[in-house]
Each structure stands twice: as C-alpha cells, then as structure tokens.
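Listing of coords-v9.tsv, TSV, N, CA and C atoms
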chain	number	residue	atom	x	y	z
A	1	LEU	N	159.69	120.55	152.11
A	1	LEU	CA	160.35	119.36	152.61
A	1	LEU	C	159.30	118.34	153.02
A	2	GLN	N	159.49	117.12	152.56
A	2	GLN	CA	158.62	116.00	152.98
A	2	GLN	C	159.52	114.88	153.48
A	3	LEU	N	158.99	114.15	154.46
A	3	LEU	CA	159.73	113.05	155.07
A	3	LEU	C	158.92	111.77	154.96
A	4	VAL	N	159.58	110.67	154.61
A	4	VAL	CA	158.92	109.38	154.51
A	4	VAL	C	159.75	108.33	155.23
A	5	GLU	N	159.11	107.67	156.20
A	5	GLU	CA	159.78	106.63	156.96
A	5	GLU	C	159.59	105.27	156.30
A	6	SER	N	160.55	104.39	156.54
A	6	SER	CA	160.45	103.00	156.08
A	6	SER	C	161.29	102.13	157.00
A	7	GLY	N	161.10	100.81	156.87
A	7	GLY	CA	161.90	99.89	157.64
A	7	GLY	C	161.20	99.29	158.84
A	8	GLY	N	159.96	99.71	159.09
A	8	GLY	CA	159.24	99.13	160.19
A	8	GLY	C	158.85	97.69	159.92
A	9	GLY	N	158.31	97.03	160.93
A	9	GLY	CA	157.89	95.65	160.78
A	9	GLY	C	157.69	95.00	162.12
A	10	THR	N	157.54	93.69	162.08
A	10	THR	CA	157.36	92.89	163.28
A	10	THR	C	158.62	92.08	163.54
A	11	VAL	N	159.06	92.11	164.77
A	11	VAL	CA	160.30	91.41	165.14
A	11	VAL	C	160.13	90.79	166.51
A	12	GLN	N	160.83	89.73	166.76
A	12	GLN	CA	160.78	89.09	168.06
A	12	GLN	C	161.62	89.85	169.07
A	13	PRO	N	161.30	89.71	170.35
A	13	PRO	CA	162.12	90.35	171.38
A	13	PRO	C	163.59	89.96	171.23
A	14	GLY	N	164.44	90.96	171.39
A	14	GLY	CA	165.87	90.74	171.20
A	14	GLY	C	166.34	90.99	169.79
A	15	GLY	N	165.40	91.17	168.88
A	15	GLY	CA	165.74	91.39	167.48
A	15	GLY	C	166.14	92.81	167.17
A	16	SER	N	166.40	93.06	165.89
A	16	SER	CA	166.87	94.36	165.43
A	16	SER	C	166.08	94.83	164.22
A	17	LEU	N	165.98	96.14	164.09
A	17	LEU	CA	165.41	96.78	162.92
A	17	LEU	C	166.17	98.07	162.67
A	18	THR	N	166.18	98.49	161.41
A	18	THR	CA	166.74	99.79	161.07
A	18	THR	C	165.67	100.60	160.34
A	19	LEU	N	165.34	101.73	160.90
A	19	LEU	CA	164.39	102.64	160.27
A	19	LEU	C	165.14	103.66	159.43
A	20	SER	N	164.53	104.05	158.33
A	20	SER	CA	165.07	105.11	157.49
A	20	SER	C	164.02	106.19	157.31
A	21	CYS	N	164.49	107.39	157.15
A	21	CYS	CA	163.61	108.54	156.90
A	21	CYS	C	164.23	109.32	155.76
A	22	VAL	N	163.56	109.29	154.60
A	22	VAL	CA	164.11	109.93	153.41
A	22	VAL	C	163.39	111.24	153.15
A	23	ALA	N	164.18	112.26	152.88
A	23	ALA	CA	163.63	113.59	152.62
A	23	ALA	C	163.54	113.86	151.13
A	24	SER	N	162.53	114.61	150.76
A	24	SER	CA	162.39	115.08	149.39
A	24	SER	C	161.91	116.52	149.41
A	25	GLY	N	162.17	117.23	148.34
A	25	GLY	CA	161.70	118.60	148.23
A	25	GLY	C	162.67	119.63	148.77
A	26	ASP	N	163.61	119.22	149.58
A	26	ASP	CA	164.60	120.12	150.14
A	26	ASP	C	165.70	119.28	150.79
A	27	THR	N	166.78	119.94	151.16
A	27	THR	CA	167.87	119.23	151.83
A	27	THR	C	167.61	119.15	153.33
A	28	LEU	N	168.44	118.37	154.00
A	28	LEU	CA	168.37	118.27	155.46
A	28	LEU	C	169.42	119.16	156.12
A	29	ASP	N	170.12	119.94	155.32
A	29	ASP	CA	171.16	120.82	155.87
A	29	ASP	C	170.57	121.75	156.92
A	30	GLU	N	171.27	121.87	158.03
A	30	GLU	CA	170.93	122.76	159.14
A	30	GLU	C	169.72	122.29	159.94
A	31	GLN	N	169.10	121.21	159.54
A	31	GLN	CA	167.95	120.71	160.29
A	31	GLN	C	168.41	119.83	161.45
A	32	THR	N	167.82	120.04	162.60
A	32	THR	CA	167.91	119.04	163.67
A	32	THR	C	166.88	117.98	163.34
A	33	LEU	N	167.28	116.73	163.44
A	33	LEU	CA	166.39	115.62	163.07
A	33	LEU	C	166.13	114.74	164.28
A	34	GLY	N	164.97	114.12	164.29
A	34	GLY	CA	164.66	113.28	165.43
A	34	GLY	C	163.73	112.14	165.09
A	35	TRP	N	163.78	111.13	165.93
A	35	TRP	CA	162.86	110.01	165.89
A	35	TRP	C	161.98	110.06	167.13
A	36	PHE	N	160.70	109.88	166.92
A	36	PHE	CA	159.70	109.87	167.98
A	36	PHE	C	158.87	108.61	167.84
A	37	ARG	N	158.25	108.20	168.91
A	37	ARG	CA	157.37	107.04	168.82
A	37	ARG	C	156.14	107.26	169.67
A	38	GLN	N	155.08	106.58	169.28
A	38	GLN	CA	153.83	106.66	170.03
A	38	GLN	C	153.20	105.29	170.07
A	39	ALA	N	153.00	104.81	171.28
A	39	ALA	CA	152.32	103.53	171.49
A	39	ALA	C	150.85	103.80	171.76
A	40	PRO	N	149.99	102.82	171.50
A	40	PRO	CA	148.56	103.01	171.75
A	40	PRO	C	148.28	103.44	173.19
A	41	GLY	N	147.53	104.51	173.34
A	41	GLY	CA	147.18	104.98	174.66
A	41	GLY	C	148.25	105.77	175.38
A	42	LYS	N	149.36	106.02	174.70
A	42	LYS	CA	150.46	106.76	175.32
A	42	LYS	C	150.78	108.00	174.50
A	43	GLU	N	151.43	108.94	175.16
A	43	GLU	CA	151.84	110.16	174.47
A	43	GLU	C	153.06	109.89	173.59
A	44	ARG	N	153.20	110.73	172.57
A	44	ARG	CA	154.37	110.63	171.72
A	44	ARG	C	155.61	111.01	172.52
A	45	GLU	N	156.68	110.26	172.37
A	45	GLU	CA	157.90	110.54	173.09
A	45	GLU	C	159.09	110.64	172.14
A	46	GLY	N	160.02	111.47	172.50
A	46	GLY	CA	161.24	111.61	171.72
A	46	GLY	C	162.19	110.46	172.02
A	47	VAL	N	162.55	109.73	171.00
A	47	VAL	CA	163.43	108.57	171.15
A	47	VAL	C	164.90	108.98	171.01
A	48	SER	N	165.20	109.69	169.93
A	48	SER	CA	166.57	110.10	169.68
A	48	SER	C	166.57	111.24	168.69
A	49	CYS	N	167.47	112.19	168.91
A	49	CYS	CA	167.57	113.35	168.04
A	49	CYS	C	169.03	113.66	167.76
A	50	ILE	N	169.28	114.29	166.60
A	50	ILE	CA	170.65	114.55	166.18
A	50	ILE	C	170.76	115.91	165.54
A	51	ALA	N	171.79	116.65	165.93
A	51	ALA	CA	172.04	117.95	165.34
A	51	ALA	C	172.70	117.77	163.98
A	52	ASP	N	172.89	118.89	163.28
A	52	ASP	CA	173.49	118.79	161.95
A	52	ASP	C	175.01	118.87	162.00
A	53	LEU	N	175.56	120.02	162.09
A	53	LEU	CA	176.99	120.20	161.86
A	53	LEU	C	177.86	119.43	162.85
A	54	GLU	N	177.58	119.58	164.14
A	54	GLU	CA	178.46	118.92	165.12
A	54	GLU	C	178.03	117.51	165.44
A	55	GLY	N	176.83	117.14	164.96
A	55	GLY	CA	176.36	115.78	165.16
A	55	GLY	C	176.00	115.41	166.57
A	56	THR	N	175.74	116.41	167.42
A	56	THR	CA	175.34	116.11	168.80
A	56	THR	C	174.10	115.24	168.80
A	57	LYS	N	174.10	114.21	169.66
A	57	LYS	CA	173.00	113.26	169.71
A	57	LYS	C	172.38	113.22	171.10
A	58	TYR	N	171.11	112.96	171.11
A	58	TYR	CA	170.39	112.73	172.36
A	58	TYR	C	169.65	111.41	172.24
A	59	TYR	N	169.66	110.64	173.33
A	59	TYR	CA	168.91	109.40	173.40
A	59	TYR	C	168.04	109.41	174.65
A	60	ALA	N	166.82	108.96	174.51
A	60	ALA	CA	165.98	108.76	175.68
A	60	ALA	C	166.61	107.66	176.54
A	61	PRO	N	166.52	107.78	177.85
A	61	PRO	CA	167.14	106.77	178.73
A	61	PRO	C	166.69	105.35	178.42
A	62	SER	N	165.46	105.20	177.96
A	62	SER	CA	164.92	103.86	177.70
A	62	SER	C	165.57	103.17	176.51
A	63	VAL	N	166.25	103.93	175.65
A	63	VAL	CA	166.86	103.33	174.46
A	63	VAL	C	168.37	103.49	174.44
A	64	GLN	N	168.91	104.24	175.40
A	64	GLN	CA	170.36	104.46	175.46
A	64	GLN	C	171.10	103.13	175.46
A	65	GLY	N	172.09	103.00	174.59
A	65	GLY	CA	172.87	101.77	174.52
A	65	GLY	C	172.30	100.71	173.60
A	66	ARG	N	171.06	100.90	173.16
A	66	ARG	CA	170.43	99.92	172.27
A	66	ARG	C	170.16	100.51	170.88
A	67	PHE	N	169.85	101.79	170.82
A	67	PHE	CA	169.52	102.45	169.55
A	67	PHE	C	170.66	103.36	169.14
A	68	THR	N	170.83	103.52	167.83
A	68	THR	CA	171.84	104.42	167.29
A	68	THR	C	171.22	105.26	166.19
A	69	ILE	N	171.31	106.57	166.36
A	69	ILE	CA	170.81	107.49	165.34
A	69	ILE	C	171.97	107.96	164.47
A	70	SER	N	171.70	108.13	163.20
A	70	SER	CA	172.72	108.66	162.29
A	70	SER	C	172.02	109.36	161.13
A	71	ARG	N	172.80	110.15	160.40
A	71	ARG	CA	172.23	110.87	159.28
A	71	ARG	C	173.25	110.93	158.15
A	72	ASP	N	172.73	111.01	156.94
A	72	ASP	CA	173.57	111.18	155.75
A	72	ASP	C	172.92	112.28	154.93
A	73	ASN	N	173.41	113.48	155.09
A	73	ASN	CA	172.78	114.61	154.40
A	73	ASN	C	172.89	114.47	152.88
A	74	ALA	N	173.97	113.88	152.40
A	74	ALA	CA	174.12	113.71	150.95
A	74	ALA	C	173.02	112.82	150.39
A	75	LYS	N	172.60	111.85	151.18
A	75	LYS	CA	171.52	110.95	150.77
A	75	LYS	C	170.16	111.43	151.27
A	76	ARG	N	170.17	112.55	151.99
A	76	ARG	CA	168.94	113.10	152.54
A	76	ARG	C	168.21	112.06	153.39
A	77	THR	N	168.95	111.35	154.20
A	77	THR	CA	168.37	110.24	154.94
A	77	THR	C	168.80	110.27	156.40
A	78	LEU	N	167.82	109.99	157.25
A	78	LEU	CA	168.02	109.80	158.68
A	78	LEU	C	167.79	108.33	158.99
A	79	TYR	N	168.62	107.79	159.90
A	79	TYR	CA	168.50	106.37	160.25
A	79	TYR	C	168.31	106.21	161.75
A	80	LEU	N	167.72	105.07	162.10
A	80	LEU	CA	167.66	104.65	163.50
A	80	LEU	C	167.90	103.15	163.54
A	81	GLN	N	169.07	102.77	164.01
A	81	GLN	CA	169.40	101.36	164.19
A	81	GLN	C	168.92	100.94	165.57
A	82	MET	N	168.05	99.94	165.62
A	82	MET	CA	167.45	99.51	166.88
A	82	MET	C	167.85	98.07	167.16
A	83	ASN	N	168.56	97.86	168.26
A	83	ASN	CA	168.98	96.53	168.67
A	83	ASN	C	168.36	96.19	170.02
A	84	GLY	N	168.33	94.91	170.35
A	84	GLY	CA	167.80	94.49	171.64
A	84	GLY	C	166.37	94.94	171.87
A	85	LEU	N	165.55	94.83	170.85
A	85	LEU	CA	164.17	95.33	170.94
A	85	LEU	C	163.36	94.55	171.97
A	86	THR	N	162.50	95.27	172.66
A	86	THR	CA	161.60	94.68	173.65
A	86	THR	C	160.17	95.04	173.29
A	87	PRO	N	159.17	94.36	173.85
A	87	PRO	CA	157.78	94.73	173.57
A	87	PRO	C	157.47	96.18	173.91
A	88	GLU	N	158.20	96.75	174.86
A	88	GLU	CA	157.98	98.15	175.23
A	88	GLU	C	158.42	99.12	174.12
A	89	ASP	N	159.14	98.64	173.14
A	89	ASP	CA	159.54	99.47	172.00
A	89	ASP	C	158.47	99.51	170.92
A	90	THR	N	157.42	98.74	171.08
A	90	THR	CA	156.34	98.72	170.10
A	90	THR	C	155.68	100.08	169.99
A	91	GLY	N	155.42	100.51	168.77
A	91	GLY	CA	154.75	101.79	168.55
A	91	GLY	C	154.93	102.25	167.12
A	92	ARG	N	154.36	103.39	166.83
A	92	ARG	CA	154.55	104.00	165.52
A	92	ARG	C	155.68	105.01	165.65
A	93	TYR	N	156.64	104.89	164.77
A	93	TYR	CA	157.85	105.71	164.83
A	93	TYR	C	157.78	106.79	163.75
A	94	TYR	N	158.00	108.00	164.17
A	94	TYR	CA	157.95	109.16	163.27
A	94	TYR	C	159.31	109.85	163.24
A	95	CYS	N	159.66	110.39	162.08
A	95	CYS	CA	160.82	111.25	162.02
A	95	CYS	C	160.34	112.70	161.87
A	96	ALA	N	161.17	113.60	162.32
A	96	ALA	CA	160.82	115.01	162.29
A	96	ALA	C	162.04	115.86	162.03
A	97	ALA	N	161.81	117.02	161.46
A	97	ALA	CA	162.89	117.96	161.17
A	97	ALA	C	162.52	119.33	161.72
A	98	ASP	N	163.51	120.00	162.28
A	98	ASP	CA	163.28	121.30	162.91
A	98	ASP	C	164.52	122.17	162.72
A	99	LEU	N	164.31	123.40	162.24
A	99	LEU	CA	165.43	124.31	162.01
A	99	LEU	C	165.80	125.10	163.25
A	100	ARG	N	164.93	125.09	164.26
A	100	ARG	CA	165.13	126.01	165.39
A	100	ARG	C	165.76	125.36	166.61
A	101	LEU	N	165.37	124.14	166.90
A	101	LEU	CA	165.73	123.52	168.17
A	101	LEU	C	166.96	122.64	168.02
A	102	GLY	N	167.71	122.52	169.12
A	102	GLY	CA	168.77	121.55	169.19
A	102	GLY	C	168.21	120.19	169.51
A	103	PRO	N	169.04	119.15	169.51
A	103	PRO	CA	168.53	117.79	169.67
A	103	PRO	C	167.86	117.52	171.02
A	104	ILE	N	168.37	118.10	172.09
A	104	ILE	CA	167.76	117.82	173.39
A	104	ILE	C	166.39	118.48	173.47
A	105	ARG	N	166.30	119.74	173.08
A	105	ARG	CA	165.02	120.44	173.13
A	105	ARG	C	164.02	119.81	172.17
A	106	LEU	N	164.47	119.36	171.01
A	106	LEU	CA	163.55	118.74	170.07
A	106	LEU	C	162.98	117.45	170.66
A	107	CYS	N	163.84	116.61	171.19
A	107	CYS	CA	163.37	115.33	171.71
A	107	CYS	C	162.51	115.49	172.96
A	108	LYS	N	162.73	116.55	173.72
A	108	LYS	CA	161.99	116.71	174.97
A	108	LYS	C	160.81	117.68	174.85
A	109	MET	N	160.50	118.13	173.66
A	109	MET	CA	159.37	119.06	173.53
A	109	MET	C	158.08	118.36	173.96
A	110	SER	N	157.17	119.15	174.50
A	110	SER	CA	155.96	118.59	175.10
A	110	SER	C	154.95	118.13	174.04
A	111	SER	N	154.94	118.80	172.89
A	111	SER	CA	154.00	118.42	171.84
A	111	SER	C	154.55	118.87	170.49
A	112	PRO	N	154.18	118.17	169.42
A	112	PRO	CA	154.66	118.56	168.09
A	112	PRO	C	154.20	119.97	167.72
A	113	GLU	N	154.97	120.60	166.87
A	113	GLU	CA	154.63	121.93	166.36
A	113	GLU	C	154.64	121.85	164.84
A	114	PRO	N	153.58	121.32	164.26
A	114	PRO	CA	153.57	121.08	162.81
A	114	PRO	C	153.64	122.33	161.96
A	115	ASN	N	153.35	123.50	162.55
A	115	ASN	CA	153.44	124.71	161.75
A	115	ASN	C	154.87	125.16	161.51
A	116	VAL	N	155.80	124.68	162.32
A	116	VAL	CA	157.20	125.04	162.13
A	116	VAL	C	158.10	123.81	161.99
A	117	GLN	N	157.54	122.63	162.09
A	117	GLN	CA	158.31	121.40	161.94
A	117	GLN	C	157.74	120.57	160.80
A	118	VAL	N	158.57	119.65	160.32
A	118	VAL	CA	158.13	118.70	159.29
A	118	VAL	C	158.12	117.31	159.89
A	119	TRP	N	157.02	116.60	159.68
A	119	TRP	CA	156.86	115.27	160.24
A	119	TRP	C	156.53	114.28	159.13
A	120	GLY	N	157.04	113.05	159.30
A	120	GLY	CA	156.63	111.99	158.41
A	120	GLY	C	155.34	111.35	158.87
A	121	GLN	N	154.87	110.38	158.11
A	121	GLN	CA	153.62	109.70	158.43
A	121	GLN	C	153.80	108.55	159.40
A	122	GLY	N	155.02	108.13	159.61
A	122	GLY	CA	155.28	107.10	160.60
A	122	GLY	C	155.45	105.71	160.01
A	123	ALA	N	156.14	104.87	160.77
A	123	ALA	CA	156.33	103.46	160.42
A	123	ALA	C	156.08	102.63	161.67
A	124	GLN	N	155.30	101.58	161.50
A	124	GLN	CA	154.92	100.74	162.65
A	124	GLN	C	156.03	99.76	162.99
A	125	VAL	N	156.35	99.70	164.26
A	125	VAL	CA	157.29	98.71	164.79
A	125	VAL	C	156.56	97.90	165.85
A	126	THR	N	156.54	96.60	165.67
A	126	THR	CA	155.89	95.71	166.62
A	126	THR	C	156.89	94.67	167.08
A	127	VAL	N	157.05	94.59	168.39
A	127	VAL	CA	157.97	93.62	168.98
A	127	VAL	C	157.12	92.61	169.74
A	128	SER	N	157.09	91.41	169.23
A	128	SER	CA	156.22	90.40	169.82
A	128	SER	C	156.76	89.01	169.53
A	129	SER	N	156.54	88.12	170.49
A	129	SER	CA	156.94	86.73	170.28
A	129	SER	C	155.76	85.93	169.73

I'd like the structure from this file rewritten - as structure tokens, please.
Amino acid sequence: LQLVESGGGTVQPGGSLTLSCVASGDTLDEQTLGWFRQAPGKEREGVSCIADLEGTKYYAPSVQGRFTISRDNAKRTLYLQMNGLTPEDTGRYYCAADLRLGPIRLCKMSSPEPNVQVWGQGAQVTVSS
C-alpha cells in the first residue's frame, strides 16, 4: 500500500482547501485512516482520523467545526475539507493508514510507527495573507 497526498497550496486566512490522499497497491478496506500535520519546530499532531466500517471520526479540538474528514473506499481516497483556515493551520499534512488502531488512538499516538503503518510524503499547506 502506498499513499500520495495532493491538494495543498497557499491560501489566505479564512480560505478553504481540500486535501486528497490516494492509495495504490492495495485497498483501504479495514484501514483506519488519518490526517496529521507538522509545522516547523513543532511535533506532528493528529488532525482527524476516521474508522472504516462504522465511519467513526475524531477531530482535534483545534480543527473541530472547521475541518471535515471523509473517505471513499471505492475510489481508494481519503479527503480532508478544510474551511476557515488560519495561519496556525500552516504545516505539512500527511495521511496515514493503520489496521490496528481506532481513530482516537491513531490520532493521539505519541509518534508514528512506520513499521506497522503506511504514511504518505505529505502536502504543504500555507495560510498567509
């Protein structure tokens, strides 16, 4: 399984972006999926994660009400709709897949586990006037 993010860019405060994460090499069935971000000088944080079958979602408090995570297993794609962007949302956004963890545990994990998880290379999001 490989993951590739797209949709990043530069946007003014208050603007919107939609990130996509497309999978190849395998399906996303049974995978918990998540979006993470890392700003310069800061640790990577879980932004939003989504389970497979029941679609349970988790959002970090900082993005609750502004971001929407969704998935389309038939298209092998994970999305993150981001509205009301602020400069604090600036960072590199990564998608990840995990067969073991639920969405809350995935988003709140202390550090990535690349030996059991799949990560994309990231997409840069810059919010600036």

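Of note, CA of Thr77 in chain A and atom C of Asp89 in chain A are spaced 21.6 Å apart.
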
Q | Point-to-point distance in Å for CA of Leu80 in chain A and atom C of Ser6 in chain A | A | 9.4 Å

Q. Which residue, A:Lys108, A:Leu101, A:Gln38, A:Gly8, has the smallest gap to Pro61 in chain A when you use only C-alpha atoms?
A. A:Lys108

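Minimum distance to Thr126 in chain A across A:Gly102, A:Pro112, A:Gly91, A:Gly55 (counting all atoms listed in the file) occurs at A:Gly91.
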
(Q) I need the residues in range 79-125 of chain A that are strand (DSSP E) according to DSSP; give them as number ranges by chain. (A) A: 79-82, 91-98, 118-119, 123-125

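For the residues A:Gly41, A:Ala97, A:Pro13, A:Asp26, ranking by smallest atom-to-atom distance to Leu1 in chain A using only N, CA and C atoms places A:Asp26 first.
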
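Distance check against Gly15 in chain A using all atoms listed in the file: of A:Phe67, A:Glu43, A:Met82, A:Arg105, the minimum falls on A:Met82.
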
Q. Hey, can you pull every residue with an atom no more than 7 Å from (159.4, 109.7, 173.1), using only C-alpha atoms, and send it as a PyMOL selection string?
A. chain A and resi 36-37+44-47

Q: Select from chain A everything DSSP, run on the backbone, classes as alpha helix (DSSP H), then give the selection as number ranges by chain.
A: A: 103-108

Q: Write out as a list in words which residues come within 7 Å of Val127 in chain A when counting all atoms listed in the file, dropping same-chain ones fewer than 3 positions away.
A: Gly9, Thr10, Val11, Gln12, Pro13, Leu85, Thr86, Pro87, Glu88, Asp89, Thr90 and Gly91 of chain A

Would you export the selected residues with N, CA and C atoms as a PDB file, in the coordinates of the input, please?
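Written output follows (part_2.pdb):
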ATOM      1  N   GLY A   9     158.310  97.030 160.930  1.00  0.00           N
ATOM      2  CA  GLY A   9     157.890  95.650 160.780  1.00  0.00           C
ATOM      3  C   GLY A   9     157.690  95.000 162.120  1.00  0.00           C
ATOM      4  N   THR A  10     157.540  93.690 162.080  1.00  0.00           N
ATOM      5  CA  THR A  10     157.360  92.890 163.280  1.00  0.00           C
ATOM      6  C   THR A  10     158.620  92.080 163.540  1.00  0.00           C
ATOM      7  N   VAL A  11     159.060  92.110 164.770  1.00  0.00           N
ATOM      8  CA  VAL A  11     160.300  91.410 165.140  1.00  0.00           C
ATOM      9  C   VAL A  11     160.130  90.790 166.510  1.00  0.00           C
ATOM     10  N   GLN A  12     160.830  89.730 166.760  1.00  0.00           N
ATOM     11  CA  GLN A  12     160.780  89.090 168.060  1.00  0.00           C
ATOM     12  C   GLN A  12     161.620  89.850 169.070  1.00  0.00           C
ATOM     13  N   PRO A  13     161.300  89.710 170.350  1.00  0.00           N
ATOM     14  CA  PRO A  13     162.120  90.350 171.380  1.00  0.00           C
ATOM     15  C   PRO A  13     163.590  89.960 171.230  1.00  0.00           C
ATOM     16  N   LEU A  85     165.550  94.830 170.850  1.00  0.00           N
ATOM     17  CA  LEU A  85     164.170  95.330 170.940  1.00  0.00           C
ATOM     18  C   LEU A  85     163.360  94.550 171.970  1.00  0.00           C
ATOM     19  N   THR A  86     162.500  95.270 172.660  1.00  0.00           N
ATOM     20  CA  THR A  86     161.600  94.680 173.650  1.00  0.00           C
ATOM     21  C   THR A  86     160.170  95.040 173.290  1.00  0.00           C
ATOM     22  N   PRO A  87     159.170  94.360 173.850  1.00  0.00           N
ATOM     23  CA  PRO A  87     157.780  94.730 173.570  1.00  0.00           C
ATOM     24  C   PRO A  87     157.470  96.180 173.910  1.00  0.00           C
ATOM     25  N   GLU A  88     158.200  96.750 174.860  1.00  0.00           N
ATOM     26  CA  GLU A  88     157.980  98.150 175.230  1.00  0.00           C
ATOM     27  C   GLU A  88     158.420  99.120 174.120  1.00  0.00           C
ATOM     28  N   ASP A  89     159.140  98.640 173.140  1.00  0.00           N
ATOM     29  CA  ASP A  89     159.540  99.470 172.000  1.00  0.00           C
ATOM     30  C   ASP A  89     158.470  99.510 170.920  1.00  0.00           C
ATOM     31  N   THR A  90     157.420  98.740 171.080  1.00  0.00           N
ATOM     32  CA  THR A  90     156.340  98.720 170.100  1.00  0.00           C
ATOM     33  C   THR A  90     155.680 100.080 169.990  1.00  0.00           C
ATOM     34  N   GLY A  91     155.420 100.510 168.770  1.00  0.00           N
ATOM     35  CA  GLY A  91     154.750 101.790 168.550  1.00  0.00           C
ATOM     36  C   GLY A  91     154.930 102.250 167.120  1.00  0.00           C
TER      37      GLY A  91
END

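Taking CA of Gln121 in chain A and CA of Ala51 in chain A as endpoints, the distance between them is 21.3 Å.
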
Fewer than 4 positions away in the same chain doesn't count, so skip those; otherwise give me all residues within 6 Å of Gly120 in chain A, counting only N, CA and C atoms, as a PDB file with N, CA and C atoms, in the coordinates of the input.
ATOM      1  N   LEU A   3     158.990 114.150 154.460  1.00  0.00           N
ATOM      2  CA  LEU A   3     159.730 113.050 155.070  1.00  0.00           C
ATOM      3  C   LEU A   3     158.920 111.770 154.960  1.00  0.00           C
ATOM      4  N   VAL A   4     159.580 110.670 154.610  1.00  0.00           N
ATOM      5  CA  VAL A   4     158.920 109.380 154.510  1.00  0.00           C
ATOM      6  C   VAL A   4     159.750 108.330 155.230  1.00  0.00           C
ATOM      7  N   GLU A   5     159.110 107.670 156.200  1.00  0.00           N
ATOM      8  CA  GLU A   5     159.780 106.630 156.960  1.00  0.00           C
ATOM      9  C   GLU A   5     159.590 105.270 156.300  1.00  0.00           C
ATOM     10  N   TYR A  94     158.000 108.000 164.170  1.00  0.00           N
ATOM     11  CA  TYR A  94     157.950 109.160 163.270  1.00  0.00           C
ATOM     12  C   TYR A  94     159.310 109.850 163.240  1.00  0.00           C
ATOM     13  N   CYS A  95     159.660 110.390 162.080  1.00  0.00           N
ATOM     14  CA  CYS A  95     160.820 111.250 162.020  1.00  0.00           C
ATOM     15  C   CYS A  95     160.340 112.700 161.870  1.00  0.00           C
ATOM     16  N   ALA A  96     161.170 113.600 162.320  1.00  0.00           N
ATOM     17  CA  ALA A  96     160.820 115.010 162.290  1.00  0.00           C
ATOM     18  C   ALA A  96     162.040 115.860 162.030  1.00  0.00           C
TER      19      ALA A  96
END

Q.
Calculated over all atoms listed in the file, which of the candidates A:Gln2, A:Pro40, A:Asp98, A:Gln64 has the smallest distance to Ser24 in chain A?
A. A:Gln2

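Distances from A:Leu78, A:Ala123, A:Val63, A:Val116 to Val22 in chain A were compared using only C-alpha atoms, and the smallest one belongs to A:Leu78.
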
Taking all atoms of range 22-25 of chain A that appear in the file, build a box with edges along x, y and z, extend it by 5 Å on every side, and state its centre and edge lengths in Å to one decimal, as lines of an AutoDock Vina configuration file.
center_x = 162.9
center_y = 114.5
center_z = 151.4
size_x = 12.5
size_y = 20.3
size_z = 16.4
